[in-house]
Amino acid sequence: MTAQVSNISSAKIGGAILCAGYGSRMAPLTDALPKPLLPFLNVPTITYAMAQFMRAGIDKVAFNTHHLADAIPPVVGKLAKTFNIHPIIVHEWELLGSGGGIKGVVDSLGNEYDHVVVMNGDTVLEIDLSEHIQAHIESGADLSLVVRPKVPTQPGRVFLDDEGNITRIRDYKNAAYDSSHVEHDFLGIHIIKRGTMDEIPLEKCDIIDALYSKLVEGNGEGKKIRASLHEGYFVALDTPELLVQESINAMNNPESFADAPFPDPLRPGLYVYRPGTIAGAATVTPPVFIGANVTIGAGAHISPNVVLDGVDISDGTRVENAVIYGAGRIEGEWKDCVSIAGKSVVLK
């Protein structure tokens, strides 16, 4: 990942990454690792969000924790050194939801920041954050939500008029809303002006019910909410099926995601960090991504749509349409599955 850093006017910008949730739609994989640490293309998913903060010149970032909380700080600490970020860990003894969770990380940064950018720990996208932050500052808004046109796999429920104004979130509407307004997906990126969260309690609550609904409906004490449109790469890794599908998409279209940590392909779609660890009698059919900590025995068949790391594949083993990390030595047939750190799920 490149280290280009953008300057954002003279405002002081803090960052926050939400890491506290259970990631229940990823279970049982999230019984082994919190969702932000689940690997996507051989690196912890949280890496991608942290890289975006680095590029925007945001060097102080808060991380909230709850589920498998002890796993987050060691990984974040190592990544923070790489990205020149000062991390603040905010532990939630009780899960506080989106409202209390965001309130906690924003408060942890203190009053020195004019605006705070909040992202989800499982956000994978390519975005010029500095451009969205600058537009937010110039608009005078108290809150900007980064959205994109709705896709079939996402819930949408954020509606914009022809001028890009948010007229409805969920069932909360303002007087300008009508059925012609276009539905969008919220990408989990909030740009929040200092003071906007002051009335939110540090307790379990939903951020839309507690605040965003009021801003949309026009009874938010004069505070302004706006949308910021993102049209670039974004994936939502909500289920094991999406983890596999988005891995396949990235392998088949590497130009779509510049942050994908692929080595130079041996041939189209075949990414191997250490080709010498593949036995000569093994067959490998792309698209396949084989990490640095893999050995593949003689007679093994690695068929299309496979991502591997931290695994030793026995002679004659078959792997197809699978993502496997940290499984140690495997044998037999591994097809249509995800296995991470000892937890496995068969794809639907």
# chains A, B, ... in the order shown; residues from 1 in each chain; ligands from 1

$ select_by_dssp --residues "range 70-214 of chain A" --states "strand (DSSP E)" --output "PyMOL selection string"
chain A and resi 86-91+115-120+123-125+143-149+158-160+166-169+172-173+182-193

$ residues_around --residues "Leu37 in chain A" --least-positions-apart "2" --cutoff "10 Å" --atoms "only C-alpha atoms" --output "number ranges by chain"
A: 19, 30, 32-35, 39-40, 43-47, 71-72, 75-76, 121-122

$ atom_distance --atom1 "CA of Ile340 in chain A" --atom2 "CA of Leu29 in chain A"
6.2 Å

$ closest_residue --among "A:Gly297, A:Gly21, A:Pro286, A:Gly164" --to "His230 in chain A" --atoms "only C-alpha atoms"
A:Gly164

$ residues_around --residues "Ala135 in chain A" --least-positions-apart "2" --cutoff "12 Å" --atoms "only C-alpha atoms" --output "list of chain:residue names"
A:Ile8, A:Ser9, A:Asp128, A:Leu129, A:Ser130, A:Glu131, A:His132, A:Ile133, A:Ile137, A:Glu138, A:Ser139, A:Gly140, A:Ala141, A:Asp142, A:Leu143, A:Ser144, A:Leu145, A:Val146, A:Ile191, A:Arg226, A:Ala227, A:Ser228, A:Leu229

$ residues_around --residues "range 287-296 of chain A" --least-positions-apart "2" --cutoff "9 Å" --atoms "only C-alpha atoms" --output "PyMOL selection string"
chain A and resi 41-42+248+251-252+262+268-279+282+284-285+298-315+317

$ atom_distance --atom1 "CA of Arg25 in chain A" --atom2 "CA of Leu347 in chain A"
12.5 Å

$ closest_residue --among "A:Ser180, A:Thr82, A:Asn120, A:Asn111" --to "Thr65 in chain A" --atoms "only C-alpha atoms"
A:Asn120

$ residues_around --residues "Gly15 in chain A" --least-positions-apart "3" --cutoff "9 Å" --atoms "only C-alpha atoms" --output "mmCIF file with N, CA and C atoms, in the first residue's frame"
data_model
loop_
_atom_site.group_PDB
_atom_site.id
_atom_site.type_symbol
_atom_site.label_atom_id
_atom_site.label_comp_id
_atom_site.auth_asym_id
_atom_site.auth_seq_id
_atom_site.Cartn_x
_atom_site.Cartn_y
_atom_site.Cartn_z
ATOM 1 N N PHE A 53 -6.724 6.324 6.408
ATOM 2 C CA PHE A 53 -6.436 7.410 7.340
ATOM 3 C C PHE A 53 -5.025 7.945 7.131
ATOM 4 N N ILE A 58 -4.300 11.663 8.669
ATOM 5 C CA ILE A 58 -4.914 11.546 9.992
ATOM 6 C C ILE A 58 -4.054 10.609 10.832
ATOM 7 N N ASP A 59 -3.404 11.159 11.858
ATOM 8 C CA ASP A 59 -2.397 10.376 12.559
ATOM 9 C C ASP A 59 -2.774 10.004 13.999
ATOM 10 N N LYS A 60 -3.999 10.323 14.412
ATOM 11 C CA LYS A 60 -4.477 9.888 15.720
ATOM 12 C C LYS A 60 -5.835 9.241 15.520
ATOM 13 N N VAL A 61 -5.930 7.949 15.872
ATOM 14 C CA VAL A 61 -7.127 7.170 15.566
ATOM 15 C C VAL A 61 -7.537 6.379 16.799
ATOM 16 N N ALA A 62 -8.821 6.461 17.149
ATOM 17 C CA ALA A 62 -9.370 5.694 18.263
ATOM 18 C C ALA A 62 -10.014 4.412 17.737
ATOM 19 N N PHE A 63 -9.904 3.339 18.515
ATOM 20 C CA PHE A 63 -10.465 2.037 18.164
ATOM 21 C C PHE A 63 -11.294 1.553 19.344
ATOM 22 N N VAL A 105 -15.745 6.820 21.022
ATOM 23 C CA VAL A 105 -14.481 7.039 20.305
ATOM 24 C C VAL A 105 -14.269 8.514 20.001
ATOM 25 N N VAL A 106 -15.364 9.233 19.692
ATOM 26 C CA VAL A 106 -15.221 10.673 19.439
ATOM 27 C C VAL A 106 -14.769 11.385 20.710
ATOM 28 N N LEU A 109 -11.024 11.273 21.752
ATOM 29 C CA LEU A 109 -10.070 12.112 21.028
ATOM 30 C C LEU A 109 -9.971 13.522 21.610
ATOM 31 N N HIS A 115 -12.964 18.045 13.471
ATOM 32 C CA HIS A 115 -13.844 17.050 12.861
ATOM 33 C C HIS A 115 -13.227 15.673 13.116
ATOM 34 N N VAL A 116 -14.094 14.660 13.185
ATOM 35 C CA VAL A 116 -13.637 13.277 13.347
ATOM 36 C C VAL A 116 -14.254 12.430 12.249
ATOM 37 N N VAL A 117 -13.419 11.630 11.604
ATOM 38 C CA VAL A 117 -13.889 10.679 10.593
ATOM 39 C C VAL A 117 -13.995 9.313 11.249
ATOM 40 N N VAL A 118 -15.181 8.715 11.180
ATOM 41 C CA VAL A 118 -15.426 7.409 11.783
ATOM 42 C C VAL A 118 -15.663 6.400 10.667
ATOM 43 N N MET A 119 -14.958 5.268 10.732
ATOM 44 C CA MET A 119 -15.127 4.194 9.760
ATOM 45 C C MET A 119 -15.358 2.881 10.493
#

$ closest_residue --among "A:Leu242, A:Ile225, A:Val338, A:Leu96" --to "Ile200 in chain A" --atoms "only C-alpha atoms"
A:Leu96

$ atom_distance --atom1 "CA of Val147 in chain A" --atom2 "CA of Ile166 in chain A"
10.2 Å

$ select_by_dssp --residues "range 190-327 of chain A" --states "alpha helix (DSSP H)" --output "count of residues only"
19

$ closest_residue --among "A:Glu333, A:Leu68, A:Tyr172, A:Thr153" --to "Ser213 in chain A" --atoms "only C-alpha atoms"
A:Tyr172

$ residues_around --residues "Ile127 in chain A" --least-positions-apart "6" --cutoff "10 Å" --atoms "only C-alpha atoms" --output "JSON, numbers by chain"
{"A": [49, 52, 55, 56, 230, 231, 232, 233, 234]}

$ write_last_selection --atoms "C-alpha atoms" --output "PDB file, in the first residue's frame"
ATOM      1  CA  ALA A  49      -9.216   1.422   6.734  1.00  0.00           C
ATOM      2  CA  GLN A  52      -6.995   5.379   4.173  1.00  0.00           C
ATOM      3  CA  ARG A  55      -3.231   8.808   3.180  1.00  0.00           C
ATOM      4  CA  ALA A  56      -5.500  11.556   4.478  1.00  0.00           C
ATOM      5  CA  HIS A 230     -18.425   7.731  -3.389  1.00  0.00           C
ATOM      6  CA  GLU A 231     -18.268   6.071  -6.796  1.00  0.00           C
ATOM      7  CA  GLY A 232     -15.083   3.997  -6.467  1.00  0.00           C
ATOM      8  CA  TYR A 233     -14.204   0.565  -5.149  1.00  0.00           C
ATOM      9  CA  PHE A 234     -16.105  -0.629  -2.084  1.00  0.00           C
TER      10      PHE A 234
END

$ closest_residue --among "A:Glu255, A:Gly195, A:Tyr48, A:Lys150" --to "Glu112 in chain A" --atoms "only C-alpha atoms"
A:Gly195
